[in-house]
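my_file30.pdb follows; it contains PDB, C-alpha atoms, pLDDT in the B column.
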```pdb
ATOM      1  CA  MET A  24     235.465  85.235  71.691  1.00 59.00           C
ATOM      2  CA  SER A  25     232.201  85.802  69.848  1.00 71.00           C
ATOM      3  CA  GLY A  26     229.190  83.596  70.427  1.00 92.00           C
ATOM      4  CA  VAL A  27     229.481  83.544  74.223  1.00 97.00           C
ATOM      5  CA  HIS A  28     226.127  83.620  75.995  1.00 97.00           C
ATOM      6  CA  ARG A  29     226.242  85.963  78.964  1.00 97.00           C
ATOM      7  CA  ARG A  30     224.058  85.604  82.048  1.00 98.00           C
ATOM      8  CA  HIS A  31     223.173  88.242  84.632  1.00 98.00           C
ATOM      9  CA  TRP A  32     221.346  88.104  87.946  1.00 98.00           C
ATOM     10  CA  PRO A  33     221.039  91.760  89.110  1.00 98.00           C
ATOM     11  CA  GLY A  34     221.898  92.753  92.646  1.00 98.00           C
ATOM     12  CA  ASP A  35     223.993  95.264  94.556  1.00 98.00           C
ATOM     13  CA  ALA A  36     225.736  97.270  91.831  1.00 96.00           C
ATOM     14  CA  ASP A  37     228.572  98.065  94.237  1.00 97.00           C
ATOM     15  CA  ARG A  38     229.302  94.342  94.756  1.00 98.00           C
ATOM     16  CA  PRO A  39     230.074  92.758  91.366  1.00 98.00           C
ATOM     17  CA  ALA A  40     230.523  88.991  91.253  1.00 98.00           C
ATOM     18  CA  LEU A  41     231.273  86.372  88.626  1.00 98.00           C
ATOM     19  CA  ALA A  42     230.305  82.689  88.746  1.00 98.00           C
ATOM     20  CA  LEU A  43     231.933  80.024  86.576  1.00 98.00           C
ATOM     21  CA  HIS A  44     230.236  76.700  85.882  1.00 98.00           C
ATOM     22  CA  CYS A  45     231.541  73.145  85.483  1.00 97.00           C
ATOM     23  CA  MET A  46     232.094  71.057  82.358  1.00 95.00           C
ATOM     24  CA  LEU A  47     229.126  69.531  80.511  1.00 94.00           C
ATOM     25  CA  ALA A  48     226.673  71.992  82.075  1.00 94.00           C
ATOM     26  CA  SER A  49     225.876  75.709  81.667  1.00 96.00           C
ATOM     27  CA  GLY A  50     225.814  78.896  83.676  1.00 97.00           C
ATOM     28  CA  SER A  51     222.067  78.542  84.209  1.00 97.00           C
ATOM     29  CA  TYR A  52     222.523  76.570  87.441  1.00 97.00           C
ATOM     30  CA  TRP A  53     223.791  79.676  89.233  1.00 98.00           C
ATOM     31  CA  GLY A  54     220.257  81.108  89.026  1.00 98.00           C
ATOM     32  CA  PRO A  55     218.925  79.299  92.139  1.00 98.00           C
ATOM     33  CA  VAL A  56     222.110  80.176  94.043  1.00 98.00           C
ATOM     34  CA  SER A  57     221.779  83.850  93.085  1.00 98.00           C
ATOM     35  CA  GLU A  58     218.131  83.834  94.104  1.00 98.00           C
ATOM     36  CA  ARG A  59     219.113  82.646  97.569  1.00 98.00           C
ATOM     37  CA  LEU A  60     221.799  85.322  97.815  1.00 98.00           C
ATOM     38  CA  ALA A  61     218.911  87.781  97.519  1.00 96.00           C
ATOM     39  CA  GLY A  62     220.712  90.535  95.644  1.00 96.00           C
ATOM     40  CA  ARG A  63     223.759  90.728  97.897  1.00 97.00           C
ATOM     41  CA  VAL A  64     225.935  90.723  94.783  1.00 98.00           C
ATOM     42  CA  ASP A  65     225.448  91.724  91.178  1.00 98.00           C
ATOM     43  CA  LEU A  66     226.160  88.308  89.714  1.00 98.00           C
ATOM     44  CA  GLN A  67     227.263  87.650  86.170  1.00 98.00           C
ATOM     45  CA  GLY A  68     228.188  84.462  84.402  1.00 98.00           C
ATOM     46  CA  PHE A  69     228.433  82.926  80.976  1.00 98.00           C
ATOM     47  CA  ASP A  70     228.129  79.621  79.189  1.00 98.00           C
ATOM     48  CA  MET A  71     231.555  78.287  78.283  1.00 98.00           C
ATOM     49  CA  PRO A  72     232.175  77.644  74.563  1.00 96.00           C
ATOM     50  CA  GLY A  73     230.437  74.481  73.472  1.00 95.00           C
ATOM     51  CA  HIS A  74     228.074  74.623  76.460  1.00 95.00           C
ATOM     52  CA  GLY A  75     224.545  75.880  77.032  1.00 94.00           C
ATOM     53  CA  ARG A  76     223.611  78.668  74.636  1.00 95.00           C
ATOM     54  CA  SER A  77     227.151  79.545  73.606  1.00 97.00           C
ATOM     55  CA  ALA A  78     228.576  78.714  70.196  1.00 95.00           C
ATOM     56  CA  SER A  79     230.441  75.486  69.597  1.00 94.00           C
ATOM     57  CA  TRP A  80     234.161  75.280  70.325  1.00 94.00           C
ATOM     58  CA  ASN A  81     235.847  75.245  66.926  1.00 92.00           C
ATOM     59  CA  PRO A  82     239.337  76.634  67.525  1.00 93.00           C
ATOM     60  CA  LYS A  83     241.600  77.831  64.751  1.00 91.00           C
ATOM     61  CA  PRO A  84     245.252  76.730  64.654  1.00 92.00           C
ATOM     62  CA  ASP A  85     246.459  79.898  66.387  1.00 93.00           C
ATOM     63  CA  ASP A  86     243.730  79.951  69.054  1.00 93.00           C
ATOM     64  CA  PRO A  87     244.603  79.206  72.700  1.00 95.00           C
ATOM     65  CA  ASP A  88     243.779  75.942  74.408  1.00 96.00           C
ATOM     66  CA  TYR A  89     240.293  75.589  75.868  1.00 97.00           C
ATOM     67  CA  HIS A  90     241.147  76.387  79.495  1.00 97.00           C
ATOM     68  CA  THR A  91     243.061  79.493  78.451  1.00 97.00           C
ATOM     69  CA  ALA A  92     240.198  80.617  76.215  1.00 97.00           C
ATOM     70  CA  VAL A  93     237.689  80.267  79.068  1.00 98.00           C
ATOM     71  CA  THR A  94     240.055  82.112  81.405  1.00 98.00           C
ATOM     72  CA  ARG A  95     240.318  85.014  78.968  1.00 97.00           C
ATOM     73  CA  ILE A  96     236.536  85.195  78.627  1.00 98.00           C
ATOM     74  CA  ALA A  97     236.168  85.247  82.414  1.00 98.00           C
ATOM     75  CA  ALA A  98     238.843  87.919  82.771  1.00 98.00           C
ATOM     76  CA  SER A  99     236.964  90.123  80.285  1.00 97.00           C
ATOM     77  CA  PHE A 100     234.169  90.460  82.868  1.00 97.00           C
ATOM     78  CA  ILE A 101     236.517  91.994  85.445  1.00 97.00           C
ATOM     79  CA  SER A 102     236.856  95.765  85.546  1.00 96.00           C
ATOM     80  CA  ARG A 103     237.288  96.172  89.324  1.00 97.00           C
ATOM     81  CA  PRO A 104     237.803  93.850  92.302  1.00 98.00           C
ATOM     82  CA  LEU A 105     234.970  91.364  92.509  1.00 98.00           C
ATOM     83  CA  ASP A 106     233.733  88.263  94.275  1.00 98.00           C
ATOM     84  CA  LEU A 107     234.794  85.259  92.215  1.00 98.00           C
ATOM     85  CA  ILE A 108     232.940  81.951  92.468  1.00 98.00           C
ATOM     86  CA  GLY A 109     233.813  78.797  90.583  1.00 98.00           C
ATOM     87  CA  HIS A 110     232.704  75.181  90.494  1.00 98.00           C
ATOM     88  CA  SER A 111     234.779  72.231  89.276  1.00 98.00           C
ATOM     89  CA  MET A 112     236.573  73.282  86.063  1.00 97.00           C
ATOM     90  CA  GLY A 113     235.175  76.770  86.621  1.00 98.00           C
ATOM     91  CA  ALA A 114     236.882  76.800  90.012  1.00 98.00           C
ATOM     92  CA  THR A 115     240.230  76.070  88.363  1.00 98.00           C
ATOM     93  CA  VAL A 116     239.664  79.048  86.041  1.00 98.00           C
ATOM     94  CA  ALA A 117     238.809  81.221  89.052  1.00 98.00           C
ATOM     95  CA  LEU A 118     241.958  80.058  90.842  1.00 98.00           C
ATOM     96  CA  ARG A 119     244.060  80.717  87.738  1.00 98.00           C
ATOM     97  CA  ILE A 120     242.753  84.295  87.604  1.00 98.00           C
ATOM     98  CA  ALA A 121     243.354  84.824  91.327  1.00 98.00           C
ATOM     99  CA  VAL A 122     246.965  83.632  91.040  1.00 98.00           C
ATOM    100  CA  ALA A 123     247.606  85.823  87.981  1.00 98.00           C
ATOM    101  CA  ALA A 124     245.883  88.946  89.323  1.00 98.00           C
ATOM    102  CA  PRO A 125     245.240  88.685  93.088  1.00 98.00           C
ATOM    103  CA  GLU A 126     244.379  92.395  93.232  1.00 98.00           C
ATOM    104  CA  ALA A 127     241.322  91.709  91.027  1.00 98.00           C
ATOM    105  CA  VAL A 128     239.672  89.374  93.537  1.00 98.00           C
ATOM    106  CA  ARG A 129     237.679  90.527  96.555  1.00 98.00           C
ATOM    107  CA  SER A 130     236.736  87.031  97.691  1.00 98.00           C
ATOM    108  CA  LEU A 131     237.278  83.612  96.150  1.00 98.00           C
ATOM    109  CA  THR A 132     234.859  80.706  96.589  1.00 98.00           C
ATOM    110  CA  LEU A 133     236.094  77.432  95.115  1.00 99.00           C
ATOM    111  CA  ILE A 134     233.572  74.606  94.937  1.00 98.00           C
ATOM    112  CA  GLU A 135     235.294  71.271  94.258  1.00 98.00           C
ATOM    113  CA  PRO A 136     238.171  72.594  92.107  1.00 98.00           C
ATOM    114  CA  VAL A 137     239.365  69.737  89.883  1.00 97.00           C
ATOM    115  CA  LEU A 138     243.001  70.782  89.761  1.00 97.00           C
ATOM    116  CA  PHE A 139     244.236  67.190  89.760  1.00 95.00           C
ATOM    117  CA  ALA A 140     247.867  68.274  89.612  1.00 95.00           C
ATOM    118  CA  ALA A 141     247.534  69.271  93.273  1.00 97.00           C
ATOM    119  CA  ALA A 142     246.909  65.616  94.248  1.00 95.00           C
ATOM    120  CA  PRO A 143     248.405  63.523  91.432  1.00 91.00           C
ATOM    121  CA  GLU A 144     248.406  60.165  93.232  1.00 87.00           C
ATOM    122  CA  SER A 145     244.689  60.345  94.016  1.00 86.00           C
ATOM    123  CA  ALA A 146     243.946  61.676  90.544  1.00 79.00           C
ATOM    124  CA  GLN A 147     245.243  58.579  88.784  1.00 74.00           C
ATOM    125  CA  ALA A 148     242.225  56.623  90.020  1.00 70.00           C
ATOM    126  CA  GLN A 149     239.747  59.008  88.368  1.00 69.00           C
ATOM    127  CA  PRO A 150     237.840  58.254  85.119  1.00 62.00           C
ATOM    128  CA  GLU A 151     239.002  61.362  83.281  1.00 62.00           C
ATOM    129  CA  MET A 152     242.483  59.931  83.344  1.00 65.00           C
ATOM    130  CA  GLN A 153     241.128  57.332  80.861  1.00 80.00           C
ATOM    131  CA  ILE A 154     239.074  59.607  78.597  1.00 87.00           C
ATOM    132  CA  ASP A 155     241.877  60.218  76.111  1.00 84.00           C
ATOM    133  CA  ARG A 156     242.361  56.492  75.603  1.00 87.00           C
ATOM    134  CA  LEU A 157     238.651  55.778  75.242  1.00 91.00           C
ATOM    135  CA  LEU A 158     238.159  58.564  72.722  1.00 92.00           C
ATOM    136  CA  ALA A 159     241.185  57.391  70.723  1.00 90.00           C
ATOM    137  CA  GLU A 160     239.496  53.982  70.544  1.00 93.00           C
ATOM    138  CA  GLY A 161     236.263  55.582  69.325  1.00 93.00           C
ATOM    139  CA  ARG A 162     234.458  54.829  72.583  1.00 94.00           C
ATOM    140  CA  ALA A 163     232.854  58.221  73.251  1.00 94.00           C
ATOM    141  CA  GLU A 164     229.850  56.650  74.933  1.00 95.00           C
ATOM    142  CA  ASP A 165     232.011  54.708  77.378  1.00 93.00           C
ATOM    143  CA  ALA A 166     234.035  57.846  78.112  1.00 93.00           C
ATOM    144  CA  THR A 167     230.882  59.841  78.777  1.00 94.00           C
ATOM    145  CA  ARG A 168     229.340  57.087  80.863  1.00 93.00           C
ATOM    146  CA  GLY A 169     232.420  56.843  83.074  1.00 90.00           C
ATOM    147  CA  PHE A 170     232.699  60.580  83.520  1.00 91.00           C
ATOM    148  CA  LEU A 171     229.057  61.015  84.533  1.00 93.00           C
ATOM    149  CA  SER A 172     229.192  58.081  86.938  1.00 90.00           C
ATOM    150  CA  VAL A 173     231.555  60.117  89.124  1.00 89.00           C
ATOM    151  CA  TRP A 174     230.880  63.754  88.297  1.00 93.00           C
ATOM    152  CA  GLY A 175     227.230  63.942  87.175  1.00 91.00           C
ATOM    153  CA  THR A 176     223.891  64.253  88.927  1.00 89.00           C
ATOM    154  CA  GLN A 177     222.429  61.454  86.786  1.00 90.00           C
ATOM    155  CA  SER A 178     223.894  58.364  85.190  1.00 91.00           C
ATOM    156  CA  TYR A 179     224.251  58.247  81.409  1.00 93.00           C
ATOM    157  CA  ASP A 180     221.342  55.819  81.082  1.00 94.00           C
ATOM    158  CA  GLU A 181     219.032  58.117  83.045  1.00 95.00           C
ATOM    159  CA  LEU A 182     219.485  60.938  80.543  1.00 94.00           C
ATOM    160  CA  SER A 183     217.194  61.558  77.592  1.00 95.00           C
ATOM    161  CA  GLU A 184     218.534  60.578  74.189  1.00 95.00           C
ATOM    162  CA  ARG A 185     218.982  64.259  73.328  1.00 93.00           C
ATOM    163  CA  MET A 186     221.059  64.837  76.464  1.00 93.00           C
ATOM    164  CA  GLN A 187     223.123  61.715  75.809  1.00 95.00           C
ATOM    165  CA  VAL A 188     223.995  63.058  72.354  1.00 94.00           C
ATOM    166  CA  GLN A 189     224.947  66.455  73.818  1.00 92.00           C
ATOM    167  CA  MET A 190     227.144  64.869  76.466  1.00 93.00           C
ATOM    168  CA  ARG A 191     228.916  62.645  73.936  1.00 94.00           C
ATOM    169  CA  GLU A 192     229.538  65.652  71.696  1.00 92.00           C
ATOM    170  CA  ARG A 193     231.098  67.612  74.587  1.00 93.00           C
ATOM    171  CA  ILE A 194     233.147  64.898  76.247  1.00 95.00           C
ATOM    172  CA  GLY A 195     236.128  65.791  74.085  1.00 94.00           C
ATOM    173  CA  LEU A 196     236.347  69.138  75.871  1.00 95.00           C
ATOM    174  CA  VAL A 197     236.993  67.288  79.115  1.00 93.00           C
ATOM    175  CA  ALA A 198     239.876  65.455  77.480  1.00 91.00           C
ATOM    176  CA  GLU A 199     241.195  68.714  76.037  1.00 92.00           C
ATOM    177  CA  CYS A 200     241.502  70.172  79.549  1.00 93.00           C
ATOM    178  CA  ALA A 201     243.479  67.209  80.897  1.00 87.00           C
ATOM    179  CA  PRO A 202     246.933  68.770  80.298  1.00 85.00           C
ATOM    180  CA  THR A 203     245.829  71.803  82.303  1.00 91.00           C
ATOM    181  CA  LEU A 204     244.062  70.033  85.151  1.00 94.00           C
ATOM    182  CA  ALA A 205     246.356  67.023  85.539  1.00 92.00           C
ATOM    183  CA  GLY A 206     249.592  68.598  84.340  1.00 93.00           C
ATOM    184  CA  ASP A 207     249.088  72.198  85.493  1.00 96.00           C
ATOM    185  CA  ARG A 208     250.120  73.585  82.131  1.00 95.00           C
ATOM    186  CA  PRO A 209     249.388  77.211  83.192  1.00 96.00           C
ATOM    187  CA  ARG A 210     251.450  76.732  86.370  1.00 97.00           C
ATOM    188  CA  ILE A 211     248.669  77.634  88.795  1.00 98.00           C
ATOM    189  CA  LEU A 212     250.634  75.751  91.467  1.00 98.00           C
ATOM    190  CA  ARG A 213     253.905  77.592  90.825  1.00 98.00           C
ATOM    191  CA  GLU A 214     255.963  78.640  93.810  1.00 97.00           C
ATOM    192  CA  GLY A 215     254.505  81.727  95.460  1.00 98.00           C
ATOM    193  CA  GLY A 216     251.362  81.708  93.335  1.00 98.00           C
ATOM    194  CA  LEU A 217     248.725  80.513  95.791  1.00 98.00           C
ATOM    195  CA  GLU A 218     250.526  82.375  98.556  1.00 98.00           C
ATOM    196  CA  SER A 219     249.967  85.664  96.692  1.00 98.00           C
ATOM    197  CA  ILE A 220     246.167  85.447  97.031  1.00 98.00           C
ATOM    198  CA  THR A 221     245.267  87.860  99.827  1.00 95.00           C
ATOM    199  CA  ALA A 222     241.480  87.644  99.405  1.00 98.00           C
ATOM    200  CA  PRO A 223     239.578  85.300 101.724  1.00 98.00           C
ATOM    201  CA  VAL A 224     239.193  81.899 100.096  1.00 98.00           C
ATOM    202  CA  LEU A 225     236.540  79.297 100.875  1.00 98.00           C
ATOM    203  CA  LEU A 226     236.919  75.717  99.694  1.00 98.00           C
ATOM    204  CA  ILE A 227     233.607  73.851  99.545  1.00 98.00           C
ATOM    205  CA  SER A 228     233.402  70.080  99.082  1.00 98.00           C
ATOM    206  CA  GLY A 229     230.619  67.536  99.016  1.00 98.00           C
ATOM    207  CA  GLY A 230     230.752  64.963 101.755  1.00 97.00           C
ATOM    208  CA  ASP A 231     230.126  62.144  99.258  1.00 96.00           C
ATOM    209  CA  SER A 232     232.546  63.406  96.608  1.00 96.00           C
ATOM    210  CA  PRO A 233     235.547  61.334  95.459  1.00 93.00           C
ATOM    211  CA  ARG A 234     238.582  61.282  97.716  1.00 94.00           C
ATOM    212  CA  VAL A 235     240.627  63.242  95.181  1.00 95.00           C
ATOM    213  CA  ILE A 236     238.397  66.293  95.739  1.00 96.00           C
ATOM    214  CA  HIS A 237     239.265  66.346  99.434  1.00 97.00           C
ATOM    215  CA  ASP A 238     242.941  65.716  98.719  1.00 97.00           C
ATOM    216  CA  ILE A 239     243.000  68.648  96.302  1.00 97.00           C
ATOM    217  CA  ALA A 240     241.328  70.856  98.894  1.00 98.00           C
ATOM    218  CA  ASP A 241     243.889  69.758 101.495  1.00 98.00           C
ATOM    219  CA  ALA A 242     246.776  70.635  99.173  1.00 98.00           C
ATOM    220  CA  LEU A 243     245.387  74.043  98.243  1.00 98.00           C
ATOM    221  CA  ALA A 244     244.395  74.962 101.795  1.00 98.00           C
ATOM    222  CA  ALA A 245     247.919  74.227 103.036  1.00 98.00           C
ATOM    223  CA  ARG A 246     249.257  77.057 100.866  1.00 98.00           C
ATOM    224  CA  LEU A 247     246.519  79.699 100.887  1.00 98.00           C
ATOM    225  CA  PRO A 248     247.083  82.542 103.396  1.00 97.00           C
ATOM    226  CA  ASP A 249     243.418  83.171 104.304  1.00 98.00           C
ATOM    227  CA  VAL A 250     241.360  80.040 103.768  1.00 98.00           C
ATOM    228  CA  GLY A 251     238.243  78.414 105.157  1.00 98.00           C
ATOM    229  CA  ARG A 252     236.966  74.870 104.582  1.00 98.00           C
ATOM    230  CA  ALA A 253     233.421  73.574 104.402  1.00 98.00           C
ATOM    231  CA  THR A 254     231.935  70.168 103.639  1.00 98.00           C
ATOM    232  CA  VAL A 255     228.271  69.746 102.708  1.00 98.00           C
ATOM    233  CA  PRO A 256     226.952  66.446 104.138  1.00 97.00           C
ATOM    234  CA  ASP A 257     225.293  63.969 101.742  1.00 97.00           C
ATOM    235  CA  ALA A 258     226.346  66.031  98.727  1.00 97.00           C
ATOM    236  CA  GLY A 259     228.350  64.985  95.682  1.00 96.00           C
ATOM    237  CA  HIS A 260     230.224  66.887  93.023  1.00 97.00           C
ATOM    238  CA  MET A 261     227.218  68.741  91.621  1.00 97.00           C
ATOM    239  CA  LEU A 262     226.249  70.361  94.920  1.00 97.00           C
ATOM    240  CA  PRO A 263     225.444  73.831  93.464  1.00 98.00           C
ATOM    241  CA  ILE A 264     222.543  72.052  91.708  1.00 97.00           C
ATOM    242  CA  THR A 265     221.610  69.501  94.358  1.00 97.00           C
ATOM    243  CA  HIS A 266     222.221  71.648  97.466  1.00 98.00           C
ATOM    244  CA  PRO A 267     221.715  75.319  96.497  1.00 98.00           C
ATOM    245  CA  ASP A 268     220.599  76.308 100.007  1.00 98.00           C
ATOM    246  CA  GLU A 269     223.808  75.107 101.616  1.00 98.00           C
ATOM    247  CA  VAL A 270     226.053  76.380  98.827  1.00 98.00           C
ATOM    248  CA  SER A 271     224.522  79.855  98.750  1.00 98.00           C
ATOM    249  CA  GLY A 272     224.730  80.046 102.539  1.00 98.00           C
ATOM    250  CA  LEU A 273     228.419  79.215 102.449  1.00 98.00           C
ATOM    251  CA  ILE A 274     229.069  81.699  99.656  1.00 98.00           C
ATOM    252  CA  GLY A 275     227.380  84.289 101.844  1.00 98.00           C
ATOM    253  CA  VAL A 276     229.764  83.463 104.684  1.00 98.00           C
ATOM    254  CA  ASN A 277     232.733  84.152 102.421  1.00 98.00           C
ATOM    255  CA  LEU A 278     231.172  87.382 101.190  1.00 98.00           C
ATOM    256  CA  ASP A 279     230.980  88.482 104.819  1.00 97.00           C
ATOM    257  CA  ARG A 280     234.663  87.670 105.289  1.00 95.00           C
ATOM    258  CA  ALA A 281     235.547  90.098 102.505  1.00 93.00           C
TER
END
```
File written out as structure tokens:
Amino acid sequence: MSGVHRRHWPGDADRPALALHCMLASGSYWGPVSERLAGRVDLQGFDMPGHGRSASWNPKPDDPDYHTAVTRIAASFISRPLDLIGHSMGATVALRIAVAAPEAVRSLTLIEPVLFAAAPESAQAQPEMQIDRLLAEGRAEDATRGFLSVWGTQSYDELSERMQVQMRERIGLVAECAPTLAGDRPRILREGGLESITAPVLLISGGDSPRVIHDIADALAARLPDVGRATVPDAGHMLPITHPDEVSGLIGVNLDRA
């Protein structure tokens, strides 16, 4: 896809890595994490369509769904086995790639993957399960407010007017990903899929994150052959931003395992 803003934090050229950000943010927040990794990896990233400095998401009738489009962009960065890092929706893209091409992944760090299909009962209590309905009723502000109350670093009312407008404009992308995240449209959880990942996997959660995050991690960990678990105390969903020291330290642990 054209109009994708690429990001690069140079490091060890023999240790390529790719980091994938969450919804309603941009790849810029990997900068502090990369700084703390001190060049151990040559880290690349990008702003997903409709985010950061990338072009808006205006799909044509024959274009893939949003999650598939982001997955294809991410896959275009991979030319040899690399360390793959993902947060939230970005972690579901990373997991999708690892299931499809396990030989392409050297290590896999999943920070709060929001693959709700892995824990459907817990997922039903989450705000994004209501976003479709709110948007259909023309209540974009309410949808955005509810989403940020659980998954943001600030409440909707704490944001500047410019940021509120940006968030409202992007909230539809969250709804567009619901069939993938809640229904597992790409079959990430298919039989034998997670079990095929031979790279070391680390699942990182925030201690104060919603229960569904921990239930998802439980479900994934039960099927992954080589998996570690870590919980960052007093952290919520946006821990790569709020707790970069802890997150980068844990990423480093998984790099050592590979």
Check your understanding: Evaluating the PyMOL selection byres ((chain A and resi 121) around 9) on the displayed file yields which residues, as a list in words?
Key -> Leu107, Val116, Ala117, Leu118, Arg119, Ile120, Val122, Ala123, Ala124, Pro125, Glu126, Ala127, Val128, Leu131, Gly216, Leu217, Ser219, Ile220 and Ala222 of chain A
Exercise for review: Using all atoms listed in the file, determine which residues lie at most 10 Å from Val235 of chain A, disregarding the query and same-chain residues fewer than 2 positions distant; provide the list as an MDAnalysis selection string.
Suggested key: chainID A and resid 135 137:139 141:149 232:233 237:241
Practice item. Select all residues near (234.6, 66.0, 74.0) (cut-off 12 Å, inclusive, file coordinates), counting all atoms listed in the file, and output them as a ChimeraX atom specification. Key: /A:46-47,72-74,79-81,89,151,154-155,157-159,161-164,166-167,170,188-201
Review point. With only C-alpha atoms as the basis for distance, which of A:Thr115, A:Ser271, A:Ser178, A:Leu105 is at the shortest distance from Val93 of chain A?
Key: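 Nearest to Val93 of chain A: A:Thr115.
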Point to revise | Interatomic distance (Å, one decimal) between atom CA of Ala36 of chain A and atom CA of Val64 of chain A | key: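 If I compute the distance from atom CA of Ala36 of chain A to atom CA of Val64 of chain A, I get 7.2 Å.
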Review point. Taking (223.6, 74.3, 81.9) in the file's coordinates as the center, which residues reach within 12 Å of it, counting only C-alpha atoms, put as a ChimeraX atom specification?
Key: /A:28,30,43-54,68-77,186,189-190,261,263-264
**Study point:** Gap from atom CA of Gln187 of chain A to atom CA of Leu262 of chain A - Å, one decimal
**Key:**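 For atom CA of Gln187 of chain A relative to atom CA of Leu262 of chain A, the distance reads 21.2 Å.
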Check your understanding: A:Asp257, A:Asp88, A:Asp37, A:Asp231: which is nearest Pro202 of chain A, counting only C-alpha atoms?
Key ->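 Comparing A:Asp257, A:Asp88, A:Asp37, A:Asp231 against Pro202 of chain A, the winner is A:Asp88.
The residue that comes closest to Gln153 of chain A, out of A:Ala205, A:Leu225, A:Leu182, A:Ile211 and on the basis of only C-alpha atoms, is A:Ala205.
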